[in-house]
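S.K.: Coordinates in input.txt, compact mmCIF, C-alpha atoms and all ligand atoms, are listed below.
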```
# COMPACT_ATOMS: atom_id res chain seq x y z
CA MET M 1 22.10 -6.24 14.74
CA VAL M 2 24.45 -5.21 17.53
CA GLU M 3 23.19 -3.02 20.33
CA PRO M 4 24.43 0.53 19.79
CA LYS M 5 27.23 1.66 22.07
CA ASN M 6 25.40 4.88 22.84
CA PRO M 7 23.39 4.10 25.99
CA LYS M 8 20.90 6.86 25.20
CA ARG M 9 19.43 5.00 22.22
CA LEU M 10 16.62 2.48 22.60
CA PRO M 11 17.90 -1.11 22.34
CA ARG M 12 17.51 -3.20 19.20
CA VAL M 13 16.51 -6.81 18.65
CA ASP M 14 19.65 -8.92 18.28
CA LEU M 15 19.13 -10.20 14.72
CA PRO M 16 21.91 -11.31 12.35
CA ALA M 17 22.68 -8.51 9.89
CA ASP M 18 21.84 -10.79 6.96
CA ALA M 19 18.45 -11.96 8.31
CA ARG M 20 16.03 -12.54 5.43
CA LEU M 21 12.57 -11.06 4.89
CA ASP M 22 10.55 -13.87 6.49
CA THR M 23 12.74 -13.80 9.60
CA ILE M 24 12.56 -10.02 9.87
CA ALA M 25 8.76 -10.16 9.44
CA VAL M 26 8.45 -12.28 12.58
CA ARG M 27 11.35 -11.03 14.72
CA GLU M 28 12.17 -7.33 14.11
CA GLY M 29 10.78 -4.82 16.59
CA LEU M 30 11.93 -4.01 20.11
CA PRO M 31 13.43 -6.40 22.67
CA ALA M 32 10.84 -7.89 25.06
CA SER M 33 10.00 -5.93 28.20
CA GLN M 34 11.27 -6.99 31.64
CA TYR M 35 8.48 -9.62 31.69
CA GLY M 36 9.96 -11.58 28.79
CA GLU M 37 6.79 -11.80 26.68
CA ASN M 38 7.23 -13.83 23.48
CA SER M 39 4.41 -12.17 21.56
CA GLU M 40 4.79 -8.41 21.23
CA ALA M 41 2.95 -6.41 23.88
CA LEU M 42 0.22 -3.89 23.20
CA PHE M 43 1.12 -0.69 25.05
CA LEU M 44 -2.17 1.11 25.47
CA THR M 45 -0.91 4.23 27.15
CA SER M 46 -1.00 7.83 26.05
CA SER M 47 2.02 8.99 28.04
CA PHE M 48 5.13 7.57 29.69
CA VAL M 49 6.51 8.20 33.17
CA HIS M 50 10.08 9.43 33.77
CA PRO M 51 12.20 8.46 36.80
CA ASP M 52 13.02 12.08 37.65
CA ALA M 53 12.76 15.63 36.35
CA ALA M 54 16.29 15.70 34.89
CA THR M 55 15.62 12.55 32.84
CA ALA M 56 12.32 14.01 31.66
CA ALA M 57 14.20 17.13 30.55
CA ALA M 58 16.81 15.05 28.66
CA ARG M 59 14.08 13.09 26.93
CA PHE M 60 12.12 16.16 25.93
CA ALA M 61 15.31 17.73 24.61
CA GLY M 62 15.93 14.66 22.46
CA GLU M 63 19.22 13.89 24.25
CA GLU M 64 17.89 10.49 25.23
CA GLU M 65 15.73 8.32 22.97
CA ALA M 66 12.76 7.28 25.07
CA PHE M 67 8.99 7.17 24.98
CA VAL M 68 7.31 10.40 25.98
CA TYR M 69 3.83 10.64 24.50
CA SER M 70 2.01 8.37 22.04
CA ARG M 71 1.42 11.14 19.51
CA PHE M 72 5.24 11.09 19.04
CA THR M 73 5.65 7.35 19.25
CA ASN M 74 4.83 4.35 21.38
CA PRO M 75 6.60 0.99 21.85
CA THR M 76 3.99 -1.00 19.90
CA VAL M 77 3.99 1.58 17.11
CA MET M 78 7.79 1.59 17.06
CA MET M 79 7.86 -2.20 16.74
CA MET M 80 5.66 -1.93 13.67
CA GLU M 81 7.79 0.88 12.23
CA ARG M 82 11.06 -0.99 12.73
CA ARG M 83 9.67 -4.20 11.30
CA LEU M 84 8.20 -2.54 8.20
CA ALA M 85 11.37 -0.47 7.60
CA ALA M 86 13.48 -3.63 7.77
CA MET M 87 11.13 -5.42 5.37
CA GLU M 88 11.23 -2.52 2.90
CA ARG M 89 15.03 -2.30 3.35
CA THR M 90 14.81 1.35 4.35
CA GLU M 91 16.56 3.08 7.24
CA ALA M 92 13.44 4.52 8.78
CA CYS M 93 9.65 4.33 8.92
CA ILE M 94 6.92 6.46 10.42
CA ALA M 95 3.50 4.98 11.06
CA THR M 96 0.38 7.04 10.36
CA SER M 97 -3.32 6.76 11.10
CA SER M 98 -4.22 5.72 7.52
CA GLY M 99 -2.73 5.35 4.06
CA MET M 100 -4.05 8.77 3.08
CA SER M 101 -2.45 10.42 6.10
CA ALA M 102 0.87 8.82 5.06
CA ILE M 103 0.55 10.58 1.70
CA LEU M 104 -0.51 13.86 3.34
CA LEU M 105 2.40 13.71 5.80
CA THR M 106 4.84 13.10 2.94
CA CYS M 107 3.52 16.08 0.99
CA LEU M 108 3.40 18.42 4.01
CA GLY M 109 6.89 17.39 5.04
CA LEU M 110 8.65 17.55 1.69
CA LEU M 111 6.81 20.16 -0.39
CA LYS M 112 6.17 23.88 -0.14
CA ALA M 113 4.17 26.45 -2.10
CA GLY M 114 5.58 26.80 -5.61
CA ASP M 115 6.66 23.16 -5.85
CA HIS M 116 5.46 20.81 -8.57
CA VAL M 117 4.59 17.10 -8.46
CA VAL M 118 4.36 14.58 -11.30
CA CYS M 119 1.91 11.80 -10.53
CA SER M 120 0.45 8.83 -12.36
CA GLN M 121 -3.16 9.40 -13.44
CA SER M 122 -3.93 5.83 -12.34
CA VAL M 123 -3.24 6.26 -8.60
CA PHE M 124 -5.83 5.74 -5.85
CA GLY M 125 -8.75 8.15 -6.29
CA SER M 126 -8.27 9.96 -2.96
CA THR M 127 -4.61 10.53 -3.86
CA ILE M 128 -5.68 12.24 -7.08
CA LYS M 129 -8.04 14.46 -5.10
CA LEU M 130 -5.45 15.25 -2.41
CA LEU M 131 -2.71 16.17 -4.89
CA GLY M 132 -4.87 17.59 -7.65
CA SER M 133 -7.22 19.81 -5.67
CA ASP M 134 -6.56 19.93 -1.89
CA LEU M 135 -2.82 20.64 -2.13
CA ALA M 136 -3.33 22.97 -5.10
CA LYS M 137 -4.99 25.36 -2.59
CA PHE M 138 -1.60 25.63 -0.88
CA GLY M 139 0.30 26.37 -4.08
CA VAL M 140 1.53 22.87 -4.90
CA GLN M 141 0.73 21.99 -8.52
CA THR M 142 0.47 18.43 -9.82
CA SER M 143 0.68 17.13 -13.40
CA PHE M 144 -0.99 13.75 -13.96
CA VAL M 145 0.57 11.48 -16.57
CA SER M 146 0.17 8.02 -18.03
CA GLN M 147 1.05 5.19 -15.63
CA THR M 148 3.07 3.31 -18.23
CA ASP M 149 4.51 5.99 -20.56
CA VAL M 150 7.98 6.84 -19.23
CA ALA M 151 8.43 9.56 -21.88
CA ALA M 152 5.29 11.31 -20.58
CA TRP M 153 6.77 11.41 -17.05
CA ARG M 154 9.97 12.90 -18.40
CA ALA M 155 8.07 15.45 -20.50
CA ALA M 156 6.04 16.59 -17.47
CA MET M 157 9.13 17.52 -15.45
CA GLN M 158 9.52 21.22 -14.63
CA PRO M 159 12.39 23.11 -12.97
CA ASN M 160 10.32 23.17 -9.74
CA THR M 161 9.38 19.46 -9.78
CA ARG M 162 10.30 18.08 -6.35
CA LEU M 163 8.35 14.82 -6.21
CA LEU M 164 7.30 11.99 -8.53
CA PHE M 165 4.46 9.88 -7.16
CA ALA M 166 3.72 6.39 -8.47
CA GLU M 167 1.58 3.45 -7.44
CA THR M 168 2.15 0.04 -9.01
CA PRO M 169 0.30 -2.08 -9.96
CA SER M 170 -2.62 0.30 -10.32
CA ASN M 171 -6.20 -0.22 -9.23
CA PRO M 172 -8.26 -1.81 -10.84
CA LEU M 173 -6.46 -2.43 -14.17
CA THR M 174 -3.15 -3.57 -12.61
CA GLU M 175 -1.08 -1.35 -14.92
CA VAL M 176 2.59 -1.57 -13.96
CA CYS M 177 5.00 1.36 -14.07
CA ASP M 178 8.77 1.06 -14.38
CA ILE M 179 10.07 2.08 -10.93
CA ALA M 180 13.76 2.14 -11.95
CA ALA M 181 13.05 4.37 -14.96
CA LEU M 182 11.00 6.81 -12.83
CA ALA M 183 13.74 6.88 -10.16
CA GLN M 184 16.22 7.85 -12.87
CA ILE M 185 14.00 10.70 -14.07
CA ALA M 186 13.51 11.92 -10.50
CA HIS M 187 17.19 11.80 -9.58
CA ASP M 188 18.32 13.44 -12.84
CA ALA M 189 16.20 16.42 -11.74
CA ASP M 190 17.18 16.32 -8.06
CA ALA M 191 13.63 15.27 -7.18
CA LEU M 192 12.35 12.35 -5.06
CA LEU M 193 10.38 9.30 -6.16
CA ALA M 194 7.64 8.08 -3.82
CA VAL M 195 6.01 4.72 -4.55
CA ASP M 196 2.69 3.63 -3.04
CA ASN M 197 3.50 -0.07 -2.49
CA CYS M 198 0.01 -1.00 -1.31
CA PHE M 199 -0.80 -3.59 -3.99
CA CYS M 200 2.43 -5.57 -3.67
CA SER M 201 3.68 -4.96 -0.13
CA PRO M 202 7.37 -5.59 0.62
CA ALA M 203 6.69 -9.32 0.30
CA LEU M 204 6.51 -8.93 -3.49
CA GLN M 205 8.19 -5.61 -4.27
CA GLN M 206 10.85 -3.53 -2.55
CA PRO M 207 10.89 -0.26 -4.50
CA VAL M 208 13.98 1.05 -2.69
CA LYS M 209 16.04 -1.62 -4.47
CA LEU M 210 14.87 -0.07 -7.75
CA GLY M 211 15.83 3.45 -6.67
CA ALA M 212 12.66 4.78 -5.03
CA ASP M 213 13.26 7.23 -2.17
CA LEU M 214 10.02 6.89 -0.21
CA ILE M 215 7.63 3.97 0.16
CA ILE M 216 4.03 4.74 1.08
CA HIS M 217 1.72 2.17 2.64
CA SER M 218 -1.92 1.80 3.36
CA GLY M 219 -1.53 -0.70 6.18
CA THR M 220 -5.30 -1.10 5.93
CA LYS M 221 -4.81 -3.49 3.02
CA TYR M 222 -2.35 -6.42 2.88
CA LEU M 223 -0.20 -5.41 5.90
CA ASP M 224 -3.11 -5.95 8.28
CA GLY M 225 -4.40 -8.48 5.79
CA GLN M 226 -7.68 -9.24 7.47
CA GLY M 227 -9.64 -6.06 6.94
CA ARG M 228 -9.66 -4.98 10.59
CA VAL M 229 -7.95 -1.60 11.01
CA LEU M 230 -6.93 1.58 9.20
CA ALA M 231 -3.21 2.22 9.21
CA GLY M 232 -0.49 3.78 7.09
CA ALA M 233 3.26 4.29 6.93
CA VAL M 234 6.06 6.08 5.11
CA CYS M 235 9.44 4.34 4.77
CA GLY M 236 12.66 5.90 3.52
CA LEU M 237 16.01 7.40 4.42
CA ALA M 238 16.42 8.63 7.99
CA SER M 239 17.32 12.05 6.53
CA LEU M 240 13.79 12.26 5.11
CA VAL M 241 11.67 10.28 7.57
CA ASP M 242 13.36 11.03 10.89
CA GLU M 243 14.43 14.56 10.09
CA LYS M 244 11.49 15.88 8.06
CA LEU M 245 8.42 13.73 8.82
CA VAL M 246 8.87 12.78 12.48
CA PRO M 247 9.14 16.40 13.71
CA LEU M 248 6.10 17.33 11.60
CA MET M 249 4.09 14.44 13.04
CA ARG M 250 4.64 15.82 16.56
CA GLY M 251 2.55 18.80 15.59
CA ALA M 252 0.34 17.36 12.89
CA GLY M 253 -0.76 14.38 14.97
CA MET M 254 -2.02 11.86 12.42
CA SER M 255 -0.42 9.20 14.64
CA LEU M 256 -1.25 5.52 14.46
CA SER M 257 -3.05 4.13 17.49
CA PRO M 258 -1.06 1.47 19.37
CA PHE M 259 -3.93 -0.99 18.96
CA ASN M 260 -3.98 -0.58 15.17
CA ALA M 261 -0.17 -0.79 15.11
CA TRP M 262 -0.32 -4.05 17.04
CA VAL M 263 -2.82 -5.55 14.60
CA VAL M 264 -0.59 -4.59 11.64
CA LEU M 265 2.55 -5.76 13.48
CA LYS M 266 1.04 -9.23 13.88
CA GLY M 267 -0.29 -9.11 10.31
CA LEU M 268 3.25 -8.58 9.00
CA GLU M 269 4.24 -11.97 10.43
CA THR M 270 2.05 -13.78 7.89
CA LEU M 271 2.37 -11.23 5.06
CA SER M 272 4.61 -13.17 2.71
CA ILE M 273 2.73 -16.47 2.94
CA ARG M 274 -0.57 -14.62 2.47
CA MET M 275 0.73 -12.66 -0.53
CA ALA M 276 2.12 -15.81 -2.15
CA ALA M 277 -1.09 -17.78 -1.58
CA GLN M 278 -3.42 -14.95 -2.62
CA SER M 279 -1.34 -14.17 -5.73
CA GLU M 280 -1.36 -17.84 -6.71
CA ARG M 281 -5.14 -18.02 -6.35
CA ALA M 282 -5.56 -14.75 -8.29
CA LEU M 283 -3.45 -16.07 -11.16
CA ALA M 284 -5.40 -19.35 -11.25
CA LEU M 285 -8.65 -17.38 -11.28
CA ALA M 286 -7.29 -15.08 -14.01
CA HIS M 287 -6.39 -18.05 -16.25
CA TRP M 288 -9.83 -19.54 -15.66
CA LEU M 289 -11.54 -16.22 -16.46
CA GLU M 290 -9.46 -15.81 -19.63
CA ALA M 291 -10.83 -19.14 -20.86
CA HIS M 292 -14.46 -18.29 -19.98
CA ASP M 293 -16.65 -17.59 -23.01
CA THR M 294 -18.63 -14.73 -21.45
CA VAL M 295 -15.48 -12.82 -20.41
CA GLU M 296 -14.01 -10.37 -22.89
CA ARG M 297 -10.74 -9.42 -21.22
CA VAL M 298 -8.81 -10.19 -18.01
CA TYR M 299 -6.27 -7.96 -16.24
CA HIS M 300 -3.62 -9.56 -14.03
CA PRO M 301 0.14 -8.92 -14.21
CA GLY M 302 0.84 -12.66 -14.04
CA LEU M 303 -0.92 -13.31 -17.37
CA ALA M 304 1.27 -13.46 -20.48
CA SER M 305 -1.39 -11.25 -22.15
CA HIS M 306 -0.74 -8.39 -19.65
CA PRO M 307 0.95 -5.48 -21.48
CA GLN M 308 3.65 -5.10 -18.79
CA HIS M 309 3.91 -8.80 -17.91
CA ALA M 310 7.71 -9.01 -18.24
CA LEU M 311 8.31 -5.81 -16.26
CA ALA M 312 5.87 -6.92 -13.54
CA MET M 313 7.51 -10.31 -13.17
CA ALA M 314 10.95 -8.71 -12.87
CA GLN M 315 9.78 -6.01 -10.45
CA GLN M 316 7.44 -8.10 -8.26
CA ASN M 317 9.40 -11.26 -7.37
CA GLY M 318 7.64 -13.17 -10.15
CA CYS M 319 4.20 -12.65 -8.55
CA GLY M 320 1.26 -10.85 -10.12
CA GLY M 321 -0.42 -9.85 -6.86
CA ALA M 322 -3.89 -10.70 -5.62
CA VAL M 323 -6.08 -8.32 -7.64
CA VAL M 324 -7.70 -9.52 -10.86
CA SER M 325 -10.12 -7.51 -12.98
CA PHE M 326 -12.19 -8.61 -15.95
CA ILE M 327 -14.67 -7.26 -18.48
CA VAL M 328 -17.86 -9.20 -19.12
CA LYS M 329 -18.95 -9.50 -22.75
CA ALA M 330 -21.87 -7.27 -23.78
CA GLU M 331 -23.07 -5.06 -26.61
CA GLY M 332 -23.18 -1.48 -25.32
CA ALA M 333 -22.52 0.12 -21.94
CA GLU M 334 -25.99 -0.44 -20.51
CA LEU M 335 -25.98 -4.20 -21.03
CA ALA M 336 -22.35 -4.36 -19.88
CA ARG M 337 -23.33 -2.75 -16.59
CA ARG M 338 -26.29 -5.09 -16.18
CA ASN M 339 -24.09 -8.13 -16.84
CA ALA M 340 -21.42 -6.92 -14.43
CA PHE M 341 -24.03 -6.31 -11.70
CA HIS M 342 -25.52 -9.75 -12.40
CA THR M 343 -22.10 -11.41 -12.01
CA ILE M 344 -21.49 -9.57 -8.74
CA ASP M 345 -24.97 -10.23 -7.36
CA SER M 346 -24.76 -13.95 -8.22
CA THR M 347 -21.81 -14.51 -5.87
CA ARG M 348 -22.44 -16.07 -2.48
CA ILE M 349 -18.88 -16.15 -1.17
CA CYS M 350 -17.23 -12.89 -2.33
CA SER M 351 -17.99 -9.79 -0.25
CA ILE M 352 -19.44 -6.91 -2.25
CA THR M 353 -17.14 -4.16 -1.02
CA ALA M 354 -14.52 -1.88 -2.53
CA ASN M 355 -11.88 -2.73 0.10
CA LEU M 356 -9.02 -5.08 -0.74
CA GLY M 357 -6.14 -6.87 0.91
CA ASP M 358 -8.38 -9.06 3.04
CA THR M 359 -8.31 -12.85 3.48
CA LYS M 360 -11.98 -12.62 2.42
CA SER M 361 -12.27 -12.14 -1.34
CA THR M 362 -14.01 -8.91 -2.31
CA ILE M 363 -15.82 -8.05 -5.53
CA THR M 364 -16.67 -4.60 -6.84
CA HIS M 365 -17.89 -2.67 -9.88
CA PRO M 366 -15.30 0.14 -10.15
CA ALA M 367 -17.33 2.31 -12.57
CA SER M 368 -20.12 2.79 -9.99
CA THR M 369 -18.09 2.67 -6.75
CA SER M 370 -14.39 3.61 -6.50
CA HIS M 371 -14.54 5.50 -9.82
CA GLY M 372 -18.21 6.50 -9.57
CA ARG M 373 -17.55 10.21 -9.14
CA LEU M 374 -15.66 10.54 -12.42
CA THR M 375 -17.54 11.59 -15.55
CA GLU M 376 -18.10 8.85 -18.13
CA PRO M 377 -15.42 10.33 -20.48
CA GLN M 378 -12.92 10.48 -17.57
CA ARG M 379 -13.73 6.87 -16.74
CA LEU M 380 -13.31 5.73 -20.31
CA ALA M 381 -9.98 7.56 -20.55
CA ALA M 382 -8.90 5.57 -17.50
CA GLY M 383 -10.12 2.32 -19.06
CA ILE M 384 -12.88 1.83 -16.46
CA THR M 385 -15.78 0.53 -18.55
CA GLN M 386 -19.25 -0.45 -17.35
CA GLY M 387 -18.50 -4.15 -17.90
CA LEU M 388 -15.44 -4.12 -15.62
CA VAL M 389 -15.49 -6.19 -12.40
CA ARG M 390 -12.64 -6.27 -9.86
CA VAL M 391 -11.94 -9.19 -7.56
CA ALA M 392 -9.38 -8.83 -4.76
CA VAL M 393 -8.65 -12.48 -4.13
CA GLY M 394 -8.46 -13.72 -0.55
CA LEU M 395 -7.66 -17.09 0.94
CA GLU M 396 -10.79 -19.11 0.14
CA ASP M 397 -10.35 -22.26 -1.97
CA VAL M 398 -9.92 -21.09 -5.54
CA GLU M 399 -12.32 -23.77 -6.85
CA ASP M 400 -15.05 -22.24 -4.70
CA LEU M 401 -14.19 -18.78 -6.05
CA LYS M 402 -14.42 -20.05 -9.64
CA ALA M 403 -17.83 -21.57 -8.87
CA ASP M 404 -18.87 -18.29 -7.22
CA LEU M 405 -18.11 -16.34 -10.42
CA ALA M 406 -19.34 -19.10 -12.75
CA ARG M 407 -22.81 -18.83 -11.23
CA GLY M 408 -23.28 -15.40 -12.79
CA LEU M 409 -20.97 -15.72 -15.82
CA ASP M 410 -22.46 -19.01 -17.05
CA SER M 411 -25.95 -17.53 -17.03
CA LEU M 412 -24.83 -14.66 -19.32
CA ARG M 413 -24.56 -17.12 -22.23
CA PRO M 414 -27.03 -16.24 -24.94
C1 LIG M 501 -6.60 2.21 0.20
C2 LIG M 501 -5.47 2.84 -0.47
C3 LIG M 501 -4.92 4.04 -0.01
C4 LIG M 501 -5.48 4.78 1.17
O1 LIG M 501 -5.36 4.04 2.33
P1 LIG M 501 -6.31 4.27 3.61
O2 LIG M 501 -5.66 3.41 4.63
O3 LIG M 501 -7.67 3.82 3.21
O4 LIG M 501 -6.26 5.71 3.92
C5 LIG M 501 -3.82 4.57 -0.66
N1 LIG M 501 -3.30 3.96 -1.74
C6 LIG M 501 -3.80 2.80 -2.22
C7 LIG M 501 -3.17 2.17 -3.40
C8 LIG M 501 -4.90 2.20 -1.61
O5 LIG M 501 -5.41 1.07 -2.11
```
Could you express the structure from this file as C-alpha cells?

M.R.:
Amino acid sequence: MVEPKNPKRLPRVDLPADARLDTIAVREGLPASQYGENSEALFLTSSFVHPDAATAAARFAGEEEAFVYSRFTNPTVMMMERRLAAMERTEACIATSSGMSAILLTCLGLLKAGDHVVCSQSVFGSTIKLLGSDLAKFGVQTSFVSQTDVAAWRAAMQPNTRLLFAETPSNPLTEVCDIAALAQIAHDADALLAVDNCFCSPALQQPVKLGADLIIHSGTKYLDGQGRVLAGAVCGLASLVDEKLVPLMRGAGMSLSPFNAWVVLKGLETLSIRMAAQSERALALAHWLEAHDTVERVYHPGLASHPQHALAMAQQNGCGGAVVSFIVKAEGAELARRNAFHTIDSTRICSITANLGDTKSTITHPASTSHGRLTEPQRLAAGITQGLVRVAVGLEDVEDLKADLARGLDSLRP
C-alpha cells in the first residue's frame, strides 16, 4: 500500500496491494517506530503527549489522525485492528475488550428501540441472552430461527428488521449456515448481515466475500490461539465501523487493552498454520471416532456424513475447523450422561474446560456446562443430548488424542 498523500493520516506499512493472507498476517500493522523494532512494540501507555497546544487541538478535533488516549485507540491496538481488517478483507476494524463486547458494541451502534433482529437459535449462549433478553429491555426485539433453514430466516423478516446475526459453524454441533443466502435476504430488506466468525477465523472463512456486512470476533479463541487473553473485534465497512462504532466506543469504553491486543497481534501471525493443523487433526479424530463401536454419531463439517458438508467445504476453504463433537452410545439419558462423563474423566491429556481455540485440546460436556442453564426440552430442541461430548482439538499429536479418548470409550464396551 502507498502512503497516503494527506500528511495528517497515520502512515501505513508499505505492502504490495496484492499481498496474500499469510503475508498480511505477519506484516500488516503500523510502520516501526523511530527505533526500527522488527517485532511489533507493546505500547503500554494510557495517554499520548502532543508537541504543542495547537497540535493537541487539531488532534482532538479529528483534523489530524494521531494517538490521544488509549480508550480511543493505541498503536498496538491499531496494529491488531489493521491486521485483522486486512485478513478479513474489510475496510475497517475496531478492537474490543471481549467477543461479547464486540457484539454489544455492534448492537448499540447500529440498532435503536423499535428495531428487530433475526438471529440463529444456535449462536453462542451469551449472544442469545444479550439479544433475547438484555437488549429486549431497550426495545430491540429478536426472533430466533433455525441455523440451517434459509426459508425460516426469510419468514422471520419484518419491516423493522435491521440486522441478521449468524454464527457458523455453530457450537457444539458444527451446523453450517449459508452466508451468501442470508446476505441476500438481509440486503433485499435493506438490513445488515453480521457473522460471528469465531469458529473459522479469516484463515478458513472470509464472510465479506460471501456478502456479509460485519464480521464479529472473539479474539479469545483462535486469534490469540493459546488461551491467554480475552479480546474481541468488529470488522466491516468504514461507513459502519469508523463512523458508527468508533465514536460510540469513545464513550462506551469497552476498549481492548494494549497488552491483550499485542498477544492477539502476535497470535495472528501463526493463525493460518494453526487452523490448518488443528482442522486436520480434528478431521482425523472425527474419522477415528466415526469408526469407534461405542460412538453413536460424530459432528464435524469435514465428514461426508455432515448434513452441510458440501456447503461447509465451499464456504470454509475446504477445512472443517477444529471442533468435533460426538455422542456416546447408551440406552437412556442417565446412562448417556454417565458414559459421557466417564469418557471425559478418563482423559489425561485433554483439558476439561469449556473454552476453545487453544493449542491445548479441550473437552467438555455441553449439556451440563455451556448449555447447562437451558431446560431439558430446550436442550433437546437444540440437539444437545446427555451423551454429547465436544472436543476442541489443539496441536497435540493426534495419535495421543485418539489414545486419550480410547481410554474411556474402549471401556464402555459391554
Ligand atoms: C466465546 C465466544 C464468544 C464470546 O467471546 P468472549 O471473548 O468470551 O466474550 C462469542 N461468540 C462465539 C462463537 C464464541 O465462541

S.K.: Residues contacting ligand LIG 501 (chain M) - anything with an atom at most 6 Å away, using all atoms listed in the file - can you give me those as a PDB file with C-alpha atoms, keeping the file's coordinate frame?

M.R.:
```
ATOM      1  CA  SER M  98      -4.220   5.720   7.520  1.00  0.00           C
ATOM      2  CA  GLY M  99      -2.730   5.350   4.060  1.00  0.00           C
ATOM      3  CA  MET M 100      -4.050   8.770   3.080  1.00  0.00           C
ATOM      4  CA  PHE M 124      -5.830   5.740  -5.850  1.00  0.00           C
ATOM      5  CA  CYS M 198       0.010  -1.000  -1.310  1.00  0.00           C
ATOM      6  CA  SER M 218      -1.920   1.800   3.360  1.00  0.00           C
ATOM      7  CA  THR M 220      -5.300  -1.100   5.930  1.00  0.00           C
ATOM      8  CA  LEU M 230      -6.930   1.580   9.200  1.00  0.00           C
ATOM      9  CA  ALA M 231      -3.210   2.220   9.210  1.00  0.00           C
ATOM     10  CA  GLY M 232      -0.490   3.780   7.090  1.00  0.00           C
TER      11      GLY M 232
END
```

S.K.: Pick out the residues sitting within 7 Å of stretch 336-341 of chain M, and hand them over as a list in words; count all atoms listed in the file, and ignore anything fewer than 4 positions along from it in its own chain.

M.R.: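 Skipping anything fewer than 4 positions along the chain leaves Val328, Lys329, Ala330, Glu331, Gly332, Asp345, Gln386, Gly387, Leu388 and Val389 of chain M.
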
S.K.: Which one of M:Val241, M:Leu111, M:Ala183, M:Cys119 sits closest to M:Arg162 if you count only C-alpha atoms?

M.R.: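 Using only C-alpha atoms, M:Arg162 sits closest to M:Leu111.
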
S.K.: Can you list, as a PyMOL selection string, every protein, DNA or RNA residue that comes within 6 Å of stretch 176-180 of chain M when you count all atoms listed in the file, leaving out same-chain residues fewer than 4 positions away?

M.R.: chain M and resi 147-148+168-169+210-211

S.K.: Output C-alpha atoms of each residue in that selection to a file, as a short mmCIF file (atom, residue, chain, number, x, y, z; two decimals), in the frame of the given file.

M.R.:
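Result file is part_19.cif:
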```cif
data_model
loop_
_atom_site.label_atom_id
_atom_site.label_comp_id
_atom_site.auth_asym_id
_atom_site.auth_seq_id
_atom_site.Cartn_x
_atom_site.Cartn_y
_atom_site.Cartn_z
CA GLN M 147 1.05 5.19 -15.63
CA THR M 148 3.07 3.31 -18.23
CA THR M 168 2.15 0.04 -9.01
CA PRO M 169 0.30 -2.08 -9.96
CA LEU M 210 14.87 -0.07 -7.75
CA GLY M 211 15.83 3.45 -6.67
#
```

S.K.: Mind pulling up the distance from atom CA of M:Ala189 to atom CA of M:Pro159?

M.R.: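 Going from atom CA of M:Pro159 over to atom CA of M:Ala189 covers 7.8 Å.
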
S.K.: With only C-alpha atoms as the counted atoms, please give the residues lying no more than 12 Å from M:Ala54, apart from itself and same-chain residues fewer than 5 positions off, as an MDAnalysis selection string.

M.R.: chainID M and resid 59:61 63:64

S.K.: Which one is closest to M:Asp115: M:Ser201, M:Ala155, M:Ala85, M:Leu163? Count all atoms listed in the file.

M.R.: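 Checking each candidate against M:Asp115, we get M:Leu163 as the closest.
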
S.K.: May I have the centre and edge lengths, in Å to one decimal, of an axis-aligned box around the listed atoms of stretch 294-306 of chain M with 3 Å added to every side, as JSON?

M.R.:
```
{"center_x": -8.7, "center_y": -11.3, "center_z": -18.5, "size_x": 25.9, "size_y": 12.8, "size_z": 14.9}
```

S.K.: M:Arg12, M:Arg82, M:Arg89, M:Arg71: which is nearest M:Pro31, counting all atoms listed in the file?

M.R.: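 Closest candidate: M:Arg12.
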
S.K.: Up to 10 Å from (15.8, 18.9, -9.4) in the file's coordinates: name the residues, counting only C-alpha atoms, as a list in words.

M.R.: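 Those within range, by chain then number, are Met157, Gln158, Pro159, Asn160, Thr161, Arg162, Leu163, Ile185, Ala186, His187, Asp188, Ala189, Asp190, Ala191 and Leu192 of chain M.
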
S.K.: Could you save the residues just selected, with C-alpha atoms, as a short mmCIF file (atom, residue, chain, number, x, y, z; two decimals), in the coordinates of the input?

M.R.:
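Written output follows (again.cif):
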```cif
data_model
loop_
_atom_site.label_atom_id
_atom_site.label_comp_id
_atom_site.auth_asym_id
_atom_site.auth_seq_id
_atom_site.Cartn_x
_atom_site.Cartn_y
_atom_site.Cartn_z
CA MET M 157 9.13 17.52 -15.45
CA GLN M 158 9.52 21.22 -14.63
CA PRO M 159 12.39 23.11 -12.97
CA ASN M 160 10.32 23.17 -9.74
CA THR M 161 9.38 19.46 -9.78
CA ARG M 162 10.30 18.08 -6.35
CA LEU M 163 8.35 14.82 -6.21
CA ILE M 185 14.00 10.70 -14.07
CA ALA M 186 13.51 11.92 -10.50
CA HIS M 187 17.19 11.80 -9.58
CA ASP M 188 18.32 13.44 -12.84
CA ALA M 189 16.20 16.42 -11.74
CA ASP M 190 17.18 16.32 -8.06
CA ALA M 191 13.63 15.27 -7.18
CA LEU M 192 12.35 12.35 -5.06
#
```

S.K.: Kindly provide the residues of stretch 126-189 of chain M that approach stretch 368-378 of chain M to within 12 Å, each paired with its closest atom pair and their distance in Å to one decimal, based on all atoms listed in the file, listed by chain and increasing number, as a Markdown table.

M.R.:
```
| residue | atom | partner | partner_atom | distance |
| --- | --- | --- | --- | --- |
| M:Ser126 | CA | M:Ser370 | CA | 9.5 |
| M:Ile128 | CA | M:Leu374 | CA | 11.4 |
| M:Lys129 | CA | M:Arg373 | CA | 11.2 |
| M:Asn171 | CA | M:Ser370 | CA | 9.4 |
| M:Pro172 | CA | M:Ser370 | CA | 9.3 |
```

S.K.: Between atom CA of M:Val264 and atom CA of M:Ala92, what is the distance in Å, rounded to a tenth?

M.R.: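 It comes out at 17.0 Å.
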
S.K.: Between M:Leu271, M:Lys221, M:Gly236, M:Val117, which residue has the minimum interatomic distance to M:Asn355, considering all atoms listed in the file?

M.R.: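 Closest candidate: M:Lys221.
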
S.K.: Could you pull out every residue with an atom within 6 Å of (2.8, 17.5, -12.0), file coordinates, counting only C-alpha atoms, and send them as a PDB file with C-alpha atoms, in the frame of the given file?

M.R.:
```
ATOM      1  CA  HIS M 116       5.460  20.810  -8.570  1.00  0.00           C
ATOM      2  CA  VAL M 117       4.590  17.100  -8.460  1.00  0.00           C
ATOM      3  CA  VAL M 118       4.360  14.580 -11.300  1.00  0.00           C
ATOM      4  CA  CYS M 119       1.910  11.800 -10.530  1.00  0.00           C
ATOM      5  CA  THR M 142       0.470  18.430  -9.820  1.00  0.00           C
ATOM      6  CA  SER M 143       0.680  17.130 -13.400  1.00  0.00           C
ATOM      7  CA  PHE M 144      -0.990  13.750 -13.960  1.00  0.00           C
TER       8      PHE M 144
END
```
